[in-house]
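Raw target.cif, mmCIF, C-alpha atoms:
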data_structure
#
loop_
_atom_site.group_PDB
_atom_site.id
_atom_site.type_symbol
_atom_site.label_atom_id
_atom_site.label_comp_id
_atom_site.auth_asym_id
_atom_site.auth_seq_id
_atom_site.Cartn_x
_atom_site.Cartn_y
_atom_site.Cartn_z
ATOM 1 C CA MET A 219 20.065 42.931 49.028
ATOM 2 C CA ASN A 220 17.799 44.499 51.633
ATOM 3 C CA ARG A 221 15.299 46.650 49.769
ATOM 4 C CA LYS A 222 13.724 49.752 51.268
ATOM 5 C CA ILE A 223 10.541 51.736 51.110
ATOM 6 C CA LEU A 224 11.152 55.044 49.330
ATOM 7 C CA ILE A 225 9.186 58.034 50.620
ATOM 8 C CA LEU A 226 9.250 61.167 48.462
ATOM 9 C CA SER A 227 8.303 64.154 50.572
ATOM 10 C CA GLN A 228 9.380 67.614 51.663
ATOM 11 C CA ALA A 229 11.491 68.759 54.601
ATOM 12 C CA PHE A 230 8.948 70.951 56.387
ATOM 13 C CA LEU A 231 5.232 71.007 57.266
ATOM 14 C CA GLU A 232 4.834 67.254 56.808
ATOM 15 C CA SER A 233 3.492 65.900 60.094
ATOM 16 C CA SER A 234 1.578 63.084 58.363
ATOM 17 C CA THR A 235 4.749 61.867 56.634
ATOM 18 C CA ASP A 236 6.652 62.163 59.910
ATOM 19 C CA ASN A 237 4.060 59.974 61.638
ATOM 20 C CA VAL A 238 4.161 57.349 58.872
ATOM 21 C CA CYS A 239 7.944 57.200 59.239
ATOM 22 C CA GLN A 240 7.550 56.652 62.984
ATOM 23 C CA TRP A 241 5.182 53.746 62.343
ATOM 24 C CA LEU A 242 7.611 52.216 59.846
ATOM 25 C CA ASP A 243 10.297 52.428 62.536
ATOM 26 C CA TYR A 244 7.905 50.675 64.910
ATOM 27 C CA TYR A 245 7.290 47.888 62.377
ATOM 28 C CA GLN A 246 11.054 47.690 61.749
ATOM 29 C CA VAL A 247 10.623 48.303 58.026
ATOM 30 C CA PRO A 248 13.665 49.957 56.400
ATOM 31 C CA PHE A 249 12.888 53.104 54.462
ATOM 32 C CA LEU A 250 14.572 56.004 52.739
ATOM 33 C CA ARG A 251 12.927 59.416 52.964
ATOM 34 C CA LEU A 252 13.985 61.670 50.113
ATOM 35 C CA ASN A 253 12.858 65.267 50.509
ATOM 36 C CA GLY A 254 12.806 67.539 47.477
ATOM 37 C CA GLU A 255 15.221 69.827 49.286
ATOM 38 C CA ASP A 256 17.798 67.016 49.287
ATOM 39 C CA LEU A 257 18.175 67.225 45.506
ATOM 40 C CA PHE A 258 19.960 70.561 45.837
ATOM 41 C CA GLN A 259 22.782 68.760 47.651
ATOM 42 C CA TRP A 260 23.314 66.006 45.079
ATOM 43 C CA GLU A 261 26.788 65.876 43.587
ATOM 44 C CA SER A 262 25.978 63.491 40.719
ATOM 45 C CA LEU A 263 23.251 61.267 39.273
ATOM 46 C CA ASP A 264 24.694 58.432 41.374
ATOM 47 C CA ALA A 265 22.626 59.841 44.255
ATOM 48 C CA ILE A 266 19.364 58.747 42.580
ATOM 49 C CA PRO A 267 17.808 55.724 44.334
ATOM 50 C CA GLN A 268 18.134 52.649 42.144
ATOM 51 C CA ASN A 269 15.305 50.340 41.182
ATOM 52 C CA GLU A 270 16.935 47.227 42.663
ATOM 53 C CA ASP A 271 17.178 48.913 46.083
ATOM 54 C CA ILE A 272 13.502 49.917 46.314
ATOM 55 C CA ALA A 273 10.549 47.744 47.340
ATOM 56 C CA ALA A 274 7.796 50.372 47.018
ATOM 57 C CA VAL A 275 7.418 54.129 46.588
ATOM 58 C CA TRP A 276 5.067 56.551 48.303
ATOM 59 C CA TYR A 277 5.036 59.827 46.362
ATOM 60 C CA ARG A 278 3.790 62.347 48.887
ATOM 61 C CA ARG A 279 5.243 65.775 48.101
ATOM 62 C CA LYS A 280 8.065 67.418 46.161
ATOM 63 C CA LEU A 281 9.190 70.551 47.900
ATOM 64 C CA SER A 282 7.944 72.816 50.687
ATOM 65 C CA GLU A 283 9.445 75.978 49.217
ATOM 66 C CA PHE A 284 11.938 76.682 46.474
ATOM 67 C CA PRO A 285 15.260 77.825 48.027
ATOM 68 C CA SER A 286 15.471 81.621 48.075
ATOM 69 C CA THR A 287 19.238 81.461 47.474
ATOM 70 C CA TYR A 288 18.593 80.781 43.787
ATOM 71 C CA SER A 289 17.803 84.268 42.485
ATOM 72 C CA LEU A 290 19.325 87.091 40.466
ATOM 73 C CA LYS A 291 22.196 89.032 42.009
ATOM 74 C CA GLU A 292 20.144 92.198 41.567
ATOM 75 C CA GLU A 293 16.432 91.860 42.141
ATOM 76 C CA HIS A 294 14.177 92.745 39.257
ATOM 77 C CA ALA A 295 10.650 91.466 39.823
ATOM 78 C CA PRO A 296 9.600 90.430 36.272
ATOM 79 C CA THR A 297 12.957 88.788 35.508
ATOM 80 C CA SER A 298 13.100 87.117 38.927
ATOM 81 C CA TYR A 299 9.713 85.506 38.334
ATOM 82 C CA THR A 300 10.796 84.200 34.903
ATOM 83 C CA LEU A 301 14.033 82.824 36.330
ATOM 84 C CA ARG A 302 12.176 81.199 39.199
ATOM 85 C CA ARG A 303 9.805 79.437 36.793
ATOM 86 C CA PHE A 304 12.791 78.253 34.732
ATOM 87 C CA LEU A 305 14.543 76.879 37.815
ATOM 88 C CA ILE A 306 11.372 75.068 38.934
ATOM 89 C CA ASP A 307 11.146 73.445 35.492
ATOM 90 C CA GLU A 308 14.817 72.452 35.786
ATOM 91 C CA PHE A 309 14.126 70.943 39.227
ATOM 92 C CA ASN A 310 11.152 69.002 37.855
ATOM 93 C CA GLY A 311 13.306 67.688 35.028
ATOM 94 C CA LEU A 312 15.709 66.149 37.539
ATOM 95 C CA TYR A 313 13.011 65.010 39.961
ATOM 96 C CA GLY A 314 11.009 63.380 37.174
ATOM 97 C CA LEU A 315 13.888 61.026 36.399
ATOM 98 C CA LEU A 316 12.754 59.053 39.451
ATOM 99 C CA PHE A 317 9.481 58.269 37.673
ATOM 100 C CA HIS A 318 11.422 56.393 34.991
ATOM 101 C CA THR A 319 14.162 54.887 37.177
ATOM 102 C CA ILE A 320 11.907 52.847 39.472
ATOM 103 C CA ASP A 321 9.433 50.321 38.043
ATOM 104 C CA ARG A 322 5.940 51.816 37.801
ATOM 105 C CA GLN A 323 4.272 48.890 39.600
ATOM 106 C CA LYS A 324 6.221 49.751 42.750
ATOM 107 C CA TRP A 325 4.479 53.116 43.158
ATOM 108 C CA LEU A 326 1.281 53.471 45.201
ATOM 109 C CA ASN A 327 0.104 55.850 42.464
ATOM 110 C CA ASP A 328 1.239 56.022 38.871
ATOM 111 C CA PRO A 329 3.663 58.965 39.221
ATOM 112 C CA ILE A 330 3.368 60.236 35.652
ATOM 113 C CA ILE A 331 -0.443 60.319 35.786
ATOM 114 C CA GLU A 332 -0.313 61.926 39.230
ATOM 115 C CA ASP A 333 2.114 64.619 38.131
ATOM 116 C CA ASN A 334 0.000 65.444 35.073
ATOM 117 C CA LEU A 335 -3.474 65.028 36.547
ATOM 118 C CA ASN A 336 -6.100 66.878 34.515
ATOM 119 C CA LYS A 337 -9.094 68.154 36.475
ATOM 120 C CA LEU A 338 -11.439 68.177 33.482
ATOM 121 C CA HIS A 339 -10.444 64.645 32.505
ATOM 122 C CA VAL A 340 -11.109 63.379 36.039
ATOM 123 C CA LEU A 341 -14.542 65.030 36.061
ATOM 124 C CA MET A 342 -15.434 63.375 32.759
ATOM 125 C CA LEU A 343 -14.118 60.052 34.056
ATOM 126 C CA ALA A 344 -16.269 60.341 37.188
ATOM 127 C CA LYS A 345 -19.298 61.066 35.029
ATOM 128 C CA GLU A 346 -18.480 58.080 32.821
ATOM 129 C CA TYR A 347 -18.580 55.810 35.873
ATOM 130 C CA GLY A 348 -21.983 57.113 36.937
ATOM 131 C CA LEU A 349 -21.086 59.777 39.474
ATOM 132 C CA GLN A 350 -23.017 63.047 39.497
ATOM 133 C CA ILE A 351 -20.869 66.100 38.765
ATOM 134 C CA PRO A 352 -21.856 69.782 38.773
ATOM 135 C CA PHE A 353 -22.544 71.313 35.370
ATOM 136 C CA THR A 354 -19.066 72.261 34.136
ATOM 137 C CA GLU A 355 -17.969 74.492 31.273
ATOM 138 C CA VAL A 356 -14.893 76.391 30.141
ATOM 139 C CA VAL A 357 -15.751 79.936 29.063
ATOM 140 C CA THR A 358 -13.940 82.914 27.568
ATOM 141 C CA ARG A 359 -16.716 85.538 27.208
ATOM 142 C CA LYS A 360 -18.921 87.460 29.576
ATOM 143 C CA SER A 361 -21.883 86.910 27.246
ATOM 144 C CA THR A 362 -21.584 83.143 27.800
ATOM 145 C CA VAL A 363 -21.632 83.635 31.561
ATOM 146 C CA VAL A 364 -24.713 85.872 31.262
ATOM 147 C CA ALA A 365 -26.487 83.122 29.306
ATOM 148 C CA LEU A 366 -25.509 80.473 31.860
ATOM 149 C CA LEU A 367 -26.855 82.608 34.706
ATOM 150 C CA GLN A 368 -30.253 82.374 33.068
ATOM 151 C CA GLN A 369 -30.104 78.607 33.651
ATOM 152 C CA TYR A 370 -28.344 78.556 37.027
ATOM 153 C CA PRO A 371 -28.899 81.069 39.879
ATOM 154 C CA ALA A 372 -25.145 81.245 40.512
ATOM 155 C CA LEU A 373 -21.882 79.829 39.180
ATOM 156 C CA ILE A 374 -18.515 79.254 40.758
ATOM 157 C CA VAL A 375 -15.141 79.736 39.121
ATOM 158 C CA LYS A 376 -12.109 77.657 40.062
ATOM 159 C CA PRO A 377 -8.708 76.926 38.495
ATOM 160 C CA LEU A 378 -8.338 74.290 35.795
ATOM 161 C CA GLY A 379 -5.110 73.322 37.527
ATOM 162 C CA GLU A 380 -4.025 73.549 41.137
ATOM 163 C CA CYS A 381 -4.609 76.506 43.439
ATOM 164 C CA ILE A 382 -1.432 78.428 44.204
ATOM 165 C CA LEU A 383 -0.339 81.134 46.590
ATOM 166 C CA VAL A 384 0.161 84.468 44.797
ATOM 167 C CA GLU A 385 2.890 86.678 46.209
ATOM 168 C CA ASP A 386 3.281 90.423 45.595
ATOM 169 C CA GLU A 387 6.483 92.482 45.563
ATOM 170 C CA ASN A 388 6.207 93.014 49.350
ATOM 171 C CA GLY A 389 6.090 89.308 50.081
ATOM 172 C CA THR A 390 2.383 89.305 50.952
ATOM 173 C CA LYS A 391 0.734 86.027 49.976
ATOM 174 C CA PHE A 392 -2.826 85.609 48.692
ATOM 175 C CA LYS A 393 -4.806 82.377 48.585
ATOM 176 C CA MET A 394 -6.523 81.273 45.389
ATOM 177 C CA LEU A 395 -10.001 80.028 46.323
ATOM 178 C CA THR A 396 -13.328 79.163 44.711
ATOM 179 C CA GLN A 397 -15.306 82.323 43.906
ATOM 180 C CA VAL A 398 -19.025 82.818 43.245
ATOM 181 C CA ILE A 399 -20.322 84.525 40.095
ATOM 182 C CA ASN A 400 -23.854 85.940 40.120
ATOM 183 C CA VAL A 401 -25.802 88.770 38.501
ATOM 184 C CA SER A 402 -24.745 91.265 41.171
ATOM 185 C CA ASN A 403 -20.986 90.958 40.502
ATOM 186 C CA LEU A 404 -21.032 90.561 36.706
ATOM 187 C CA GLN A 405 -19.957 94.172 36.202
ATOM 188 C CA ARG A 406 -16.465 93.299 37.438
ATOM 189 C CA MET A 407 -15.991 90.825 34.591
ATOM 190 C CA PRO A 408 -14.352 91.893 31.286
ATOM 191 C CA ASP A 409 -16.052 91.067 27.985
ATOM 192 C CA GLN A 410 -13.352 88.544 27.099
ATOM 193 C CA PHE A 411 -10.895 86.730 29.343
ATOM 194 C CA PHE A 412 -8.540 83.771 29.644
ATOM 195 C CA PRO A 413 -10.264 80.337 29.378
ATOM 196 C CA SER A 414 -11.795 79.716 32.801
ATOM 197 C CA MET A 415 -13.656 76.795 34.312
ATOM 198 C CA VAL A 416 -17.091 77.537 35.731
ATOM 199 C CA GLN A 417 -19.509 75.180 37.458
ATOM 200 C CA GLU A 418 -23.036 75.450 38.728
ATOM 201 C CA LYS A 419 -23.118 76.465 42.388
ATOM 202 C CA VAL A 420 -24.589 73.503 44.254
ATOM 203 C CA GLU A 421 -26.541 74.437 47.377
ATOM 204 C CA LYS A 422 -24.822 72.038 49.710
ATOM 205 C CA LYS A 423 -26.008 70.374 52.861
ATOM 206 C CA TYR A 424 -22.451 69.401 53.771
ATOM 207 C CA GLU A 425 -19.178 68.337 52.154
ATOM 208 C CA VAL A 426 -17.365 65.005 52.323
ATOM 209 C CA ARG A 427 -13.609 64.431 52.240
ATOM 210 C CA ALA A 428 -12.891 60.751 51.595
ATOM 211 C CA PHE A 429 -9.375 59.357 51.871
ATOM 212 C CA TYR A 430 -8.851 56.291 49.682
ATOM 213 C CA LEU A 431 -6.187 53.793 50.679
ATOM 214 C CA ASP A 432 -5.636 50.342 49.201
ATOM 215 C CA GLY A 433 -9.274 49.908 48.163
ATOM 216 C CA THR A 434 -10.888 51.279 51.350
ATOM 217 C CA PHE A 435 -12.514 54.692 51.946
ATOM 218 C CA TYR A 436 -12.155 56.656 55.174
ATOM 219 C CA SER A 437 -14.629 59.530 54.992
ATOM 220 C CA MET A 438 -15.434 62.653 56.967
ATOM 221 C CA ALA A 439 -18.410 65.017 56.717
ATOM 222 C CA ILE A 440 -17.565 68.728 56.867
ATOM 223 C CA PHE A 441 -20.370 71.071 57.934
ATOM 224 C CA SER A 442 -19.065 74.162 56.171
ATOM 225 C CA GLN A 443 -22.330 75.591 54.842
ATOM 226 C CA ASN A 444 -23.340 77.539 57.969
ATOM 227 C CA ASN A 445 -20.176 79.646 58.099
ATOM 228 C CA ASN A 446 -19.975 82.649 55.743
ATOM 229 C CA LYS A 447 -16.208 82.250 55.532
ATOM 230 C CA THR A 448 -16.263 78.582 54.467
ATOM 231 C CA LYS A 449 -19.626 78.129 52.761
ATOM 232 C CA ASP A 450 -18.159 78.541 49.255
ATOM 233 C CA ASP A 451 -14.790 76.885 49.937
ATOM 234 C CA PHE A 452 -13.990 75.115 53.202
ATOM 235 C CA ARG A 453 -10.278 75.670 52.522
ATOM 236 C CA ASN A 454 -10.873 79.300 53.538
ATOM 237 C CA TYR A 455 -10.450 78.030 57.086
ATOM 238 C CA ASP A 456 -12.040 79.774 60.038
ATOM 239 C CA ASP A 457 -9.576 79.272 62.881
ATOM 240 C CA GLU A 458 -11.814 81.029 65.387
ATOM 241 C CA ARG A 459 -14.900 78.939 64.612
ATOM 242 C CA PRO A 460 -13.730 75.763 62.880
ATOM 243 C CA ASN A 461 -16.196 73.672 60.893
ATOM 244 C CA ARG A 462 -17.711 70.690 62.661
ATOM 245 C CA THR A 463 -16.326 67.429 61.235
ATOM 246 C CA VAL A 464 -17.497 63.868 61.953
ATOM 247 C CA PRO A 465 -16.743 60.338 60.689
ATOM 248 C CA TYR A 466 -18.963 59.472 57.749
ATOM 249 C CA GLN A 467 -19.969 56.385 55.783
ATOM 250 C CA LEU A 468 -20.497 56.898 52.074
ATOM 251 C CA PRO A 469 -23.191 54.758 50.409
ATOM 252 C CA ALA A 470 -21.748 51.517 49.020
ATOM 253 C CA VAL A 471 -22.886 52.403 45.482
ATOM 254 C CA VAL A 472 -20.983 55.734 45.633
ATOM 255 C CA GLU A 473 -17.865 54.041 46.988
ATOM 256 C CA GLU A 474 -17.920 51.464 44.200
ATOM 257 C CA LYS A 475 -18.095 54.166 41.516
ATOM 258 C CA LEU A 476 -15.280 56.109 43.194
ATOM 259 C CA ARG A 477 -13.220 52.926 43.424
ATOM 260 C CA LYS A 478 -13.526 52.440 39.665
ATOM 261 C CA VAL A 479 -12.306 56.006 39.080
ATOM 262 C CA MET A 480 -9.262 55.440 41.299
ATOM 263 C CA GLN A 481 -8.506 52.119 39.620
ATOM 264 C CA GLU A 482 -8.764 53.723 36.178
ATOM 265 C CA LEU A 483 -6.291 56.405 37.302
ATOM 266 C CA ARG A 484 -4.047 53.702 38.811
ATOM 267 C CA PHE A 485 -4.113 55.402 42.190
ATOM 268 C CA GLY A 486 -3.760 53.356 45.360
ATOM 269 C CA THR A 487 -4.219 56.416 47.533
ATOM 270 C CA GLY A 488 -5.682 59.910 47.402
ATOM 271 C CA SER A 489 -8.230 62.348 48.795
ATOM 272 C CA ILE A 490 -11.599 62.768 47.114
ATOM 273 C CA ASP A 491 -13.859 65.790 47.595
ATOM 274 C CA LEU A 492 -17.626 65.446 47.297
ATOM 275 C CA MET A 493 -20.623 67.622 48.069
ATOM 276 C CA VAL A 494 -24.081 66.547 49.225
ATOM 277 C CA ASP A 495 -26.953 68.842 48.254
ATOM 278 C CA ARG A 496 -30.166 69.488 50.170
ATOM 279 C CA HIS A 497 -31.866 66.585 48.371
ATOM 280 C CA GLY A 498 -29.164 64.100 49.358
ATOM 281 C CA THR A 499 -27.512 63.935 45.917
ATOM 282 C CA TYR A 500 -23.751 63.258 45.947
ATOM 283 C CA TYR A 501 -21.647 65.436 43.639
ATOM 284 C CA PHE A 502 -18.101 64.442 42.772
ATOM 285 C CA LEU A 503 -15.732 67.447 42.777
ATOM 286 C CA GLU A 504 -12.111 66.331 42.426
ATOM 287 C CA VAL A 505 -9.279 63.983 43.386
ATOM 288 C CA ASN A 506 -6.078 65.050 45.099
ATOM 289 C CA PRO A 507 -3.580 62.150 44.852
ATOM 290 C CA ALA A 508 -1.303 63.566 47.581
ATOM 291 C CA GLY A 509 -4.246 64.666 49.704
ATOM 292 C CA GLN A 510 -4.139 66.025 53.229
ATOM 293 C CA PHE A 511 -5.212 62.979 55.216
ATOM 294 C CA GLY A 512 -4.194 64.285 58.640
ATOM 295 C CA MET A 513 -7.319 66.442 58.613
ATOM 296 C CA VAL A 514 -9.379 63.232 58.250
ATOM 297 C CA SER A 515 -7.236 60.934 60.379
ATOM 298 C CA PHE A 516 -7.164 62.800 63.693
ATOM 299 C CA PRO A 517 -10.753 64.139 64.008
ATOM 300 C CA CYS A 518 -12.218 60.766 62.971
ATOM 301 C CA ASN A 519 -9.741 58.530 64.848
ATOM 302 C CA TYR A 520 -8.933 56.601 61.680
ATOM 303 C CA TYR A 521 -5.175 56.320 62.447
ATOM 304 C CA LEU A 522 -4.451 56.638 58.745
ATOM 305 C CA GLU A 523 -0.723 57.127 59.322
ATOM 306 C CA LYS A 524 -0.601 53.658 60.875
ATOM 307 C CA LYS A 525 -2.678 52.185 58.047
ATOM 308 C CA MET A 526 -0.407 53.808 55.441
ATOM 309 C CA ALA A 527 2.634 52.304 57.166
ATOM 310 C CA GLN A 528 0.912 48.894 57.122
ATOM 311 C CA VAL A 529 0.255 49.157 53.369
ATOM 312 C CA LEU A 530 3.914 50.048 52.761
ATOM 313 C CA SER A 531 5.031 47.256 55.089
ATOM 314 C CA LYS A 532 2.966 44.748 53.106
ATOM 315 C CA ALA A 533 4.652 45.886 49.875
ATOM 316 C CA TYR A 534 8.077 45.593 51.527
ATOM 317 C CA LEU A 535 7.400 42.061 52.789
ATOM 318 C CA TYR A 536 6.105 40.997 49.370
ATOM 319 C CA GLU A 537 9.259 42.254 47.617
ATOM 320 C CA LYS A 538 11.434 40.657 50.287
ATOM 321 C CA GLU A 539 9.710 37.294 49.783
ATOM 322 C CA ILE A 540 9.923 37.179 45.996
ATOM 323 C CA HIS A 541 13.609 38.178 45.977
ATOM 324 C CA GLN A 542 14.815 35.745 48.641
#

What is this structure when it is put down as C-alpha cells?
Amino acid sequence: MNRKILILSQAFLESSTDNVCQWLDYYQVPFLRLNGEDLFQWESLDAIPQNEDIAAVWYRRKLSEFPSTYSLKEEHAPTSYTLRRFLIDEFNGLYGLLFHTIDRQKWLNDPIIEDNLNKLHVLMLAKEYGLQIPFTEVVTRKSTVVALLQQYPALIVKPLGECILVEDENGTKFKMLTQVINVSNLQRMPDQFFPSMVQEKVEKKYEVRAFYLDGTFYSMAIFSQNNNKTKDDFRNYDDERPNRTVPYQLPAVVEEKLRKVMQELRFGTGSIDLMVDRHGTYYFLEVNPAGQFGMVSFPCNYYLEKKMAQVLSKAYLYEKEIHQ
C-alpha cells in the first residue's frame, strides 16, 4: 500500500503550508492535507486517516476560524460564548482522536505534548539545561508586585497560555500582547487578581527567532528595540516602519542547550524566541511548536518550506523502504 504524508493544517492564511505542499508535489511525494474545516463535512469516523496509510505527520494548525453557522438561533452574547466554547471542546475531542490513531513516532512533534504545552514547564526545562531565563513568578496580589518592583525597575505581564484575539459585541477584535508594569501604572492594578505570570523586563539589544528543524537551527535577529510600537513585543507589528531583520548565527553552546530542550519535548520542529540584552546575555523566552517560519524563511533566504518538504520526503522514503 502506498503510504502518504499527512499534513494537518487549516484552510486559510497558510501560505507556508501551501508552499510545502508545492514542494512535495515537485518531489513527487504523495500527501494528504487535512484542514480542520474538513472535519465539519465528515459523515462518519471512517473518514479518519488510518495508521497503515500514513508515513509521517506534520501537525501544523487546527482551524483558521470556527464556522459562524454554529450558533444559537437567537443571539444572546453570554450564552453564545458558552456554546462556542462547548463546540470548540467538542471539535477538539474529535480532532484529538488523530493523536491516538496514528503511531506517535510518525509525528514530527509529539502531538499530545504539543497540544498541552505548558509555558512554565518549558521555562523550567530551559533553565534545567543551562539556558538563562528572565526572573519569572506567578502573582495574585498587588503587594507582591510592589515588592518585586523594588528588585526590578520594571516587570512585564504575559499569558500563562497562548495569546488570543478578544472580540467585543460589535465584532471588534483586540490583540493580547505583552504589557509593562512599573511604578507609574500600579494604580490601575486591583489589590487582588487572577493568577498572572510576571517576568523581569530585560533591556534588550535585539530579539532572535530561531526555527528548529530536524536538529538544525535557522535563526533571525529582529531589531525591535528602537521602535516604540514593537520594543515591548515585536508581535505588535509596525507595518509602516517594519523592524529590520537579518540572518543570525546563534552560539554553538546556546544551540546545543536549545537542542536538548527540543529533544526532551520530543519536538522535531518549532520556533524558539530569545532575547539578547545589552551585555550579550541570551535569554530563553518560549517555544512555539507550530511557529510562523515564513517570517524567518523569506527575509533570510533559508527556503524553509523546501527543507520541510525534504524532511517529510525522507520520512516517506524510509516508511516506503521498510514496508516493501

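CA of Ile225 in chain A is positioned 17.1 Å from CA of Trp260 in chain A.
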
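Coordinates place CA of Ser282 in chain A at a distance of 7.3 Å from CA of Leu231 in chain A.
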
Quiz item: Using all atoms listed in the file, what residues lie at most 8 Å away from (-22.5, 59.6, 54.4) (file coordinates), given as a ChimeraX atom specification?
Solution: /A:426,437,439,466-469

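Rounded to one decimal, CA of Thr396 in chain A and CA of Tyr500 in chain A lie 19.1 Å from each other.
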
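Among the candidate residues A:Leu315, A:Val420, A:Ile330, A:Leu366, the one lying nearest to Met493 in chain A is A:Val420, with distances computed using all atoms listed in the file.
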